[in-house]
file data13.cif (mmCIF, N, CA and C atoms)
data_entry
loop_
_atom_site.label_atom_id
_atom_site.label_comp_id
_atom_site.auth_asym_id
_atom_site.auth_seq_id
_atom_site.Cartn_x
_atom_site.Cartn_y
_atom_site.Cartn_z
N MET A 1 -9.84 -0.59 45.81
CA MET A 1 -9.20 0.32 44.89
C MET A 1 -8.83 1.59 45.67
N THR A 2 -7.65 2.09 45.37
CA THR A 2 -7.19 3.30 46.04
C THR A 2 -7.83 4.54 45.42
N ARG A 3 -7.73 5.63 46.14
CA ARG A 3 -8.28 6.90 45.64
C ARG A 3 -7.56 7.31 44.36
N GLU A 4 -6.24 7.09 44.35
CA GLU A 4 -5.44 7.43 43.16
C GLU A 4 -5.92 6.65 41.93
N GLU A 5 -6.19 5.35 42.12
CA GLU A 5 -6.66 4.53 41.00
C GLU A 5 -8.01 4.98 40.47
N SER A 6 -8.86 5.48 41.35
CA SER A 6 -10.19 5.92 40.90
C SER A 6 -10.14 7.26 40.18
N LYS A 7 -9.12 8.07 40.44
CA LYS A 7 -9.02 9.39 39.81
C LYS A 7 -8.05 9.42 38.63
N ALA A 8 -7.21 8.41 38.51
CA ALA A 8 -6.18 8.39 37.47
C ALA A 8 -6.77 8.10 36.09
N SER A 9 -6.03 8.50 35.07
CA SER A 9 -6.40 8.17 33.69
C SER A 9 -5.76 6.84 33.31
N TYR A 10 -6.48 6.07 32.52
CA TYR A 10 -5.98 4.78 32.03
C TYR A 10 -6.17 4.69 30.53
N ALA A 11 -5.13 4.25 29.86
CA ALA A 11 -5.21 4.00 28.43
C ALA A 11 -5.54 2.53 28.24
N ILE A 12 -6.46 2.26 27.33
CA ILE A 12 -6.75 0.88 26.94
C ILE A 12 -6.01 0.66 25.63
N ILE A 13 -5.15 -0.33 25.65
CA ILE A 13 -4.24 -0.56 24.52
C ILE A 13 -4.51 -1.93 23.92
N ARG A 14 -4.56 -1.96 22.61
CA ARG A 14 -4.76 -3.20 21.87
C ARG A 14 -3.39 -3.69 21.41
N HIS A 15 -3.11 -4.97 21.60
CA HIS A 15 -1.84 -5.53 21.17
C HIS A 15 -2.02 -6.99 20.78
N ASN A 16 -1.07 -7.49 20.01
CA ASN A 16 -1.14 -8.87 19.55
C ASN A 16 -0.11 -9.69 20.32
N ILE A 17 -0.60 -10.70 21.05
CA ILE A 17 0.29 -11.50 21.88
C ILE A 17 1.10 -12.51 21.06
N ARG A 18 0.72 -12.72 19.82
CA ARG A 18 1.47 -13.64 18.94
C ARG A 18 2.58 -12.93 18.19
N THR A 19 2.29 -11.74 17.69
CA THR A 19 3.27 -11.02 16.85
C THR A 19 3.92 -9.85 17.57
N TYR A 20 3.44 -9.53 18.78
CA TYR A 20 3.90 -8.38 19.57
C TYR A 20 3.61 -7.05 18.88
N GLU A 21 2.74 -7.06 17.89
CA GLU A 21 2.35 -5.83 17.20
C GLU A 21 1.41 -5.03 18.10
N SER A 22 1.60 -3.72 18.09
CA SER A 22 0.71 -2.85 18.87
C SER A 22 -0.41 -2.36 17.97
N GLY A 23 -1.60 -2.42 18.50
CA GLY A 23 -2.75 -1.85 17.80
C GLY A 23 -3.00 -0.42 18.28
N GLY A 24 -2.20 0.04 19.24
CA GLY A 24 -2.30 1.40 19.73
C GLY A 24 -3.35 1.58 20.81
N VAL A 25 -3.46 2.82 21.24
CA VAL A 25 -4.45 3.19 22.25
C VAL A 25 -5.82 3.22 21.58
N VAL A 26 -6.79 2.56 22.19
CA VAL A 26 -8.14 2.58 21.65
C VAL A 26 -9.06 3.51 22.42
N LEU A 27 -8.68 3.83 23.68
CA LEU A 27 -9.52 4.69 24.50
C LEU A 27 -8.74 5.12 25.73
N VAL A 28 -8.98 6.35 26.19
CA VAL A 28 -8.41 6.83 27.45
C VAL A 28 -9.59 7.18 28.35
N VAL A 29 -9.64 6.56 29.54
CA VAL A 29 -10.76 6.74 30.47
C VAL A 29 -10.26 7.09 31.86
N LYS A 30 -11.18 7.55 32.69
CA LYS A 30 -10.85 7.88 34.07
C LYS A 30 -11.23 6.72 34.98
N GLY A 31 -10.31 6.30 35.83
CA GLY A 31 -10.57 5.28 36.83
C GLY A 31 -10.25 3.87 36.36
N LYS A 32 -9.61 3.13 37.26
CA LYS A 32 -9.20 1.76 36.93
C LYS A 32 -10.41 0.84 36.73
N ASP A 33 -11.41 0.96 37.59
CA ASP A 33 -12.61 0.13 37.45
C ASP A 33 -13.28 0.36 36.10
N ASN A 34 -13.40 1.63 35.73
CA ASN A 34 -14.00 1.99 34.45
C ASN A 34 -13.20 1.39 33.30
N ALA A 35 -11.87 1.47 33.39
CA ALA A 35 -11.01 0.91 32.34
C ALA A 35 -11.20 -0.60 32.22
N GLU A 36 -11.28 -1.28 33.36
CA GLU A 36 -11.45 -2.73 33.33
C GLU A 36 -12.80 -3.12 32.73
N VAL A 37 -13.84 -2.35 33.03
CA VAL A 37 -15.17 -2.60 32.45
C VAL A 37 -15.12 -2.40 30.93
N ARG A 38 -14.45 -1.34 30.50
CA ARG A 38 -14.34 -1.06 29.06
C ARG A 38 -13.57 -2.16 28.34
N VAL A 39 -12.52 -2.69 28.97
CA VAL A 39 -11.76 -3.80 28.37
C VAL A 39 -12.68 -5.00 28.18
N LYS A 40 -13.51 -5.28 29.17
CA LYS A 40 -14.45 -6.40 29.05
C LYS A 40 -15.44 -6.17 27.91
N HIS A 41 -15.86 -4.91 27.71
CA HIS A 41 -16.74 -4.59 26.59
C HIS A 41 -16.04 -4.84 25.25
N PHE A 42 -14.78 -4.39 25.15
CA PHE A 42 -14.03 -4.62 23.91
C PHE A 42 -13.87 -6.11 23.65
N GLU A 43 -13.54 -6.87 24.70
CA GLU A 43 -13.35 -8.32 24.55
C GLU A 43 -14.65 -9.01 24.17
N ALA A 44 -15.77 -8.56 24.75
CA ALA A 44 -17.07 -9.17 24.44
C ALA A 44 -17.48 -8.91 22.99
N GLY A 45 -17.09 -7.78 22.45
CA GLY A 45 -17.43 -7.45 21.07
C GLY A 45 -16.43 -7.95 20.05
N GLN A 46 -15.39 -8.59 20.53
CA GLN A 46 -14.31 -9.08 19.65
C GLN A 46 -14.72 -10.38 18.96
N SER A 47 -14.43 -10.49 17.67
CA SER A 47 -14.75 -11.73 16.96
C SER A 47 -13.80 -12.84 17.40
N SER A 48 -14.23 -14.08 17.26
CA SER A 48 -13.39 -15.21 17.64
C SER A 48 -12.14 -15.27 16.77
N GLU A 49 -12.26 -14.86 15.50
CA GLU A 49 -11.10 -14.84 14.60
C GLU A 49 -10.05 -13.84 15.08
N ASP A 50 -10.53 -12.67 15.50
CA ASP A 50 -9.64 -11.62 15.99
C ASP A 50 -8.90 -12.10 17.25
N ARG A 51 -9.63 -12.71 18.15
CA ARG A 51 -9.03 -13.22 19.39
C ARG A 51 -8.06 -14.36 19.09
N HIS A 52 -8.46 -15.25 18.20
CA HIS A 52 -7.59 -16.37 17.83
C HIS A 52 -6.30 -15.87 17.17
N ALA A 53 -6.39 -14.77 16.45
CA ALA A 53 -5.21 -14.18 15.80
C ALA A 53 -4.25 -13.58 16.82
N GLY A 54 -4.70 -13.45 18.09
CA GLY A 54 -3.81 -12.99 19.15
C GLY A 54 -4.07 -11.60 19.68
N TRP A 55 -5.13 -10.95 19.23
CA TRP A 55 -5.40 -9.57 19.66
C TRP A 55 -6.03 -9.56 21.04
N ARG A 56 -5.41 -8.75 21.93
CA ARG A 56 -5.87 -8.60 23.31
C ARG A 56 -5.84 -7.13 23.70
N TYR A 57 -6.39 -6.84 24.86
CA TYR A 57 -6.43 -5.48 25.39
C TYR A 57 -5.83 -5.48 26.79
N PHE A 58 -5.14 -4.40 27.14
CA PHE A 58 -4.67 -4.23 28.50
C PHE A 58 -4.77 -2.76 28.88
N ILE A 59 -4.72 -2.50 30.19
CA ILE A 59 -4.81 -1.11 30.64
C ILE A 59 -3.45 -0.68 31.18
N GLU A 60 -3.24 0.62 31.09
CA GLU A 60 -1.98 1.21 31.54
C GLU A 60 -2.30 2.59 32.12
N GLN A 61 -1.86 2.82 33.35
CA GLN A 61 -2.06 4.15 33.92
C GLN A 61 -1.27 5.15 33.11
N THR A 62 -1.86 6.32 32.88
CA THR A 62 -1.25 7.28 31.97
C THR A 62 -1.53 8.71 32.41
N ASP A 63 -0.80 9.63 31.81
CA ASP A 63 -1.10 11.05 32.03
C ASP A 63 -1.82 11.65 30.81
N LEU A 64 -2.21 10.78 29.87
CA LEU A 64 -2.95 11.24 28.70
C LEU A 64 -4.33 11.74 29.13
N LYS A 65 -4.88 12.66 28.35
CA LYS A 65 -6.17 13.27 28.67
C LYS A 65 -7.32 12.31 28.37
N VAL A 66 -8.22 12.19 29.31
CA VAL A 66 -9.40 11.34 29.16
C VAL A 66 -10.19 11.78 27.94
N GLY A 67 -10.58 10.82 27.10
CA GLY A 67 -11.41 11.09 25.94
C GLY A 67 -10.67 11.60 24.72
N MET A 68 -9.35 11.70 24.80
CA MET A 68 -8.61 12.24 23.65
C MET A 68 -8.66 11.29 22.46
N ASP A 69 -8.37 11.82 21.29
CA ASP A 69 -8.37 11.06 20.06
C ASP A 69 -7.40 9.87 20.17
N PRO A 70 -7.85 8.65 19.87
CA PRO A 70 -6.99 7.47 20.00
C PRO A 70 -5.70 7.54 19.18
N ALA A 71 -5.77 8.09 17.96
CA ALA A 71 -4.57 8.19 17.13
C ALA A 71 -3.56 9.14 17.77
N GLN A 72 -4.03 10.26 18.30
CA GLN A 72 -3.15 11.20 18.97
C GLN A 72 -2.58 10.58 20.25
N ALA A 73 -3.42 9.88 21.00
CA ALA A 73 -2.97 9.21 22.23
C ALA A 73 -1.90 8.17 21.92
N THR A 74 -2.09 7.42 20.85
CA THR A 74 -1.11 6.42 20.44
C THR A 74 0.22 7.09 20.10
N HIS A 75 0.16 8.18 19.36
CA HIS A 75 1.37 8.90 18.96
C HIS A 75 2.11 9.43 20.19
N LEU A 76 1.40 10.06 21.11
CA LEU A 76 2.03 10.60 22.31
C LEU A 76 2.62 9.50 23.19
N ARG A 77 1.89 8.40 23.33
CA ARG A 77 2.38 7.27 24.13
C ARG A 77 3.65 6.71 23.52
N GLN A 78 3.69 6.55 22.20
CA GLN A 78 4.86 6.02 21.52
C GLN A 78 6.06 6.95 21.71
N MET A 79 5.83 8.26 21.60
CA MET A 79 6.92 9.22 21.79
C MET A 79 7.50 9.12 23.20
N LYS A 80 6.62 9.00 24.20
CA LYS A 80 7.07 8.88 25.59
C LYS A 80 7.87 7.59 25.81
N LEU A 81 7.42 6.49 25.20
CA LEU A 81 8.15 5.22 25.32
C LEU A 81 9.54 5.33 24.70
N GLU A 82 9.63 5.97 23.54
CA GLU A 82 10.92 6.14 22.88
C GLU A 82 11.86 7.01 23.69
N ILE A 83 11.34 8.06 24.31
CA ILE A 83 12.17 8.93 25.15
C ILE A 83 12.68 8.15 26.36
N ARG A 84 11.79 7.38 27.01
CA ARG A 84 12.21 6.57 28.16
C ARG A 84 13.30 5.58 27.78
N GLU A 85 13.12 4.90 26.64
CA GLU A 85 14.11 3.92 26.20
C GLU A 85 15.44 4.58 25.87
N SER A 86 15.41 5.76 25.28
CA SER A 86 16.66 6.43 24.92
C SER A 86 17.41 6.89 26.16
N GLN A 87 16.71 7.12 27.26
CA GLN A 87 17.34 7.57 28.49
C GLN A 87 17.77 6.42 29.39
N ALA A 88 17.34 5.21 29.07
CA ALA A 88 17.68 4.04 29.89
C ALA A 88 19.15 3.69 29.72
N GLY A 89 19.77 3.24 30.79
CA GLY A 89 21.16 2.81 30.74
C GLY A 89 21.29 1.55 29.92
N PRO A 90 22.50 1.26 29.41
CA PRO A 90 22.70 0.10 28.52
C PRO A 90 22.44 -1.25 29.19
N ASP A 91 22.62 -1.34 30.49
CA ASP A 91 22.42 -2.62 31.18
C ASP A 91 21.15 -2.65 32.01
N GLN A 92 20.32 -1.64 31.84
CA GLN A 92 19.12 -1.50 32.65
C GLN A 92 18.04 -2.48 32.21
N VAL A 93 17.39 -3.07 33.19
CA VAL A 93 16.27 -3.98 32.93
C VAL A 93 14.99 -3.19 33.09
N ARG A 94 14.11 -3.31 32.11
CA ARG A 94 12.82 -2.63 32.17
C ARG A 94 11.72 -3.69 32.21
N VAL A 95 10.74 -3.42 33.02
CA VAL A 95 9.61 -4.33 33.13
C VAL A 95 8.37 -3.59 32.66
N ALA A 96 7.66 -4.20 31.73
CA ALA A 96 6.42 -3.60 31.22
C ALA A 96 5.27 -4.53 31.54
N GLU A 97 4.22 -4.01 32.08
CA GLU A 97 3.06 -4.84 32.39
C GLU A 97 2.20 -4.97 31.14
N VAL A 98 1.92 -6.21 30.78
CA VAL A 98 1.07 -6.48 29.62
C VAL A 98 -0.05 -7.36 30.14
N GLY A 99 -1.19 -6.74 30.33
CA GLY A 99 -2.31 -7.47 30.92
C GLY A 99 -1.92 -7.86 32.34
N THR A 100 -2.00 -9.14 32.67
CA THR A 100 -1.62 -9.58 34.00
C THR A 100 -0.23 -10.19 34.02
N ALA A 101 0.34 -10.39 32.85
CA ALA A 101 1.68 -10.98 32.79
C ALA A 101 2.73 -9.89 32.72
N GLU A 102 3.84 -10.10 33.40
CA GLU A 102 4.93 -9.15 33.32
C GLU A 102 5.96 -9.68 32.35
N VAL A 103 6.38 -8.83 31.43
CA VAL A 103 7.36 -9.20 30.42
C VAL A 103 8.61 -8.40 30.68
N CYS A 104 9.72 -9.08 30.86
CA CYS A 104 10.97 -8.39 31.12
C CYS A 104 11.79 -8.34 29.85
N ARG A 105 12.37 -7.16 29.61
CA ARG A 105 13.25 -7.00 28.46
C ARG A 105 14.57 -6.47 28.98
N VAL A 106 15.64 -7.07 28.56
CA VAL A 106 16.95 -6.60 28.95
C VAL A 106 17.59 -5.96 27.73
N LYS A 107 18.03 -4.73 27.90
CA LYS A 107 18.71 -4.04 26.82
C LYS A 107 20.20 -4.29 27.05
N CYS A 108 20.78 -5.12 26.25
CA CYS A 108 22.18 -5.49 26.43
C CYS A 108 23.11 -4.36 26.03
N CYS A 109 24.30 -4.38 26.62
CA CYS A 109 25.26 -3.34 26.29
C CYS A 109 25.92 -3.64 24.95
N THR A 110 25.78 -4.86 24.47
CA THR A 110 26.32 -5.19 23.16
C THR A 110 25.23 -5.07 22.13
N THR A 111 25.60 -4.72 20.93
CA THR A 111 24.64 -4.64 19.84
C THR A 111 24.97 -5.72 18.83
N GLN A 112 24.04 -5.95 17.93
CA GLN A 112 24.32 -6.94 16.89
C GLN A 112 25.47 -6.44 16.04
N ILE A 113 26.36 -7.35 15.72
CA ILE A 113 27.49 -7.01 14.86
C ILE A 113 27.11 -7.34 13.44
N GLY A 114 27.30 -6.38 12.55
CA GLY A 114 26.99 -6.60 11.14
C GLY A 114 27.92 -7.63 10.53
N ALA A 115 27.50 -8.25 9.44
CA ALA A 115 28.30 -9.29 8.77
C ALA A 115 29.68 -8.78 8.38
N ALA A 116 29.77 -7.53 7.92
CA ALA A 116 31.06 -6.98 7.51
C ALA A 116 31.99 -6.87 8.70
N GLN A 117 31.48 -6.49 9.86
CA GLN A 117 32.29 -6.39 11.06
C GLN A 117 32.77 -7.77 11.51
N VAL A 118 31.91 -8.78 11.39
CA VAL A 118 32.30 -10.13 11.76
C VAL A 118 33.44 -10.61 10.88
N ARG A 119 33.29 -10.38 9.55
CA ARG A 119 34.36 -10.81 8.64
C ARG A 119 35.66 -10.07 8.95
N ALA A 120 35.58 -8.78 9.26
CA ALA A 120 36.78 -8.00 9.58
C ALA A 120 37.39 -8.54 10.86
N ALA A 121 36.58 -8.92 11.83
CA ALA A 121 37.12 -9.45 13.09
C ALA A 121 37.80 -10.79 12.86
N GLU A 122 37.27 -11.61 11.94
CA GLU A 122 37.88 -12.91 11.64
C GLU A 122 39.21 -12.75 10.96
N VAL A 123 39.34 -11.72 10.13
CA VAL A 123 40.58 -11.49 9.40
C VAL A 123 41.68 -11.01 10.35
N ASN A 124 41.32 -10.15 11.32
CA ASN A 124 42.31 -9.58 12.25
C ASN A 124 42.68 -10.54 13.28
#

call {"tool": "encode", "arguments": {"input": "data13.cif", "output": "structure tokens"}}
result
Amino acid sequence: MTREESKASYAIIRHNIRTYESGGVVLVVKGKDNAEVRVKHFEAGQSSEDRHAGWRYFIEQTDLKVGMDPAQATHLRQMKLEIRESQAGPDQVRVAEVGTAEVCRVKCCTTQIGAAQVRAAEVN
């Protein structure tokens, strides 16, 4: 582990791998090793029904304050994500780490066309 990883803050985030629903930040801790240990604690205390429903935990390096209120941390993290997405170019590919798997999302330059627009395009 690097010195940066041992001194950095990490958010532990709960999410559902089946529905892609976010459960938000559950804890902000100092150090990657500490974060990984805490994730194992959360997973060990998780019911089999909860796990079967798709709920998992992952860590993310953050600038959030260690020990801050989880609801406030979730709100700040969401605001930062929305700002980043609004500043991304229309054809830009973003990669987000979710646990050990990398999920790529492409924001296309085209948007969904509403039904009224489709009908108007067919008429013209």

call {"tool": "atom_distance", "arguments": {"input": "data13.cif", "atom1": "atom C of A:Ile13", "atom2": "atom C of A:Glu85"}}
result
21.1 Å

call {"tool": "residues_around", "arguments": {"input": "data13.cif", "residues": "A:Arg77", "least_positions_apart": "6", "cutoff": "9 Å", "atoms": "only C-alpha atoms", "output": "list in words"}}
result
Gly24, Val25, Thr62 and Leu64 of chain A

call {"tool": "residues_around", "arguments": {"input": "data13.cif", "residues": "A:Ile17", "least_positions_apart": "4", "cutoff": "6.5 Å", "atoms": "only N, CA and C atoms", "output": "PyMOL selection string"}}
result
chain A and resi 21+53-56

call {"tool": "write_last_selection", "arguments": {"input": "data13.cif", "atoms": "N, CA and C atoms", "output": "compact mmCIF listing (two decimals), in the frame of the given file"}}
result
# COMPACT_ATOMS: atom_id res chain seq x y z
N GLU A 21 2.74 -7.06 17.89
CA GLU A 21 2.35 -5.83 17.20
C GLU A 21 1.41 -5.03 18.10
N ALA A 53 -6.39 -14.77 16.45
CA ALA A 53 -5.21 -14.18 15.80
C ALA A 53 -4.25 -13.58 16.82
N GLY A 54 -4.70 -13.45 18.09
CA GLY A 54 -3.81 -12.99 19.15
C GLY A 54 -4.07 -11.60 19.68
N TRP A 55 -5.13 -10.95 19.23
CA TRP A 55 -5.40 -9.57 19.66
C TRP A 55 -6.03 -9.56 21.04
N ARG A 56 -5.41 -8.75 21.93
CA ARG A 56 -5.87 -8.60 23.31
C ARG A 56 -5.84 -7.13 23.70

call {"tool": "atom_distance", "arguments": {"input": "data13.cif", "atom1": "atom N of A:Tyr57", "atom2": "atom C of A:Thr2"}}
result
23.5 Å

call {"tool": "closest_residue", "arguments": {"input": "data13.cif", "among": "A:Met1, A:Ala88, A:Ile83, A:Ala73", "to": "A:Val29", "atoms": "only C-alpha atoms"}}
result
A:Ala73

call {"tool": "closest_residue", "arguments": {"input": "data13.cif", "among": "A:Glu60, A:Glu4, A:Asp50, A:Asp69", "to": "A:Arg18", "atoms": "only C-alpha atoms"}}
result
A:Asp50

call {"tool": "resolve_selection", "arguments": {"input": "data13.cif", "expression": "the PyMOL selection byres ((chain A and resi 70) around 8)", "output": "list in words"}}
result
Gly24, Val25, Val26, Leu27, Val28, Gly67, Met68, Asp69, Ala71, Gln72, Ala73, Thr74, His75 and Leu76 of chain A

call {"tool": "atom_distance", "arguments": {"input": "data13.cif", "atom1": "atom CA of A:Arg3", "atom2": "atom N of A:Asp33"}}
result
10.5 Å

call {"tool": "closest_residue", "arguments": {"input": "data13.cif", "among": "A:Gln78, A:Gln87, A:Gln46, A:Gln61", "to": "A:Ala8", "atoms": "only N, CA and C atoms"}}
result
A:Gln61

call {"tool": "select_by_dssp", "arguments": {"input": "data13.cif", "residues": "stretch 21-85 of chain A", "states": "alpha helix (DSSP H)", "output": "VMD selection string"}}
result
chain A and resid 32 to 44 48 to 52 70 to 85

call {"tool": "resolve_selection", "arguments": {"input": "data13.cif", "expression": "the PyMOL selection byres ((chain A and resi 35) around 8)", "output": "PyMOL selection string"}}
result
chain A and resi 9-12+28-34+36-41+58-60
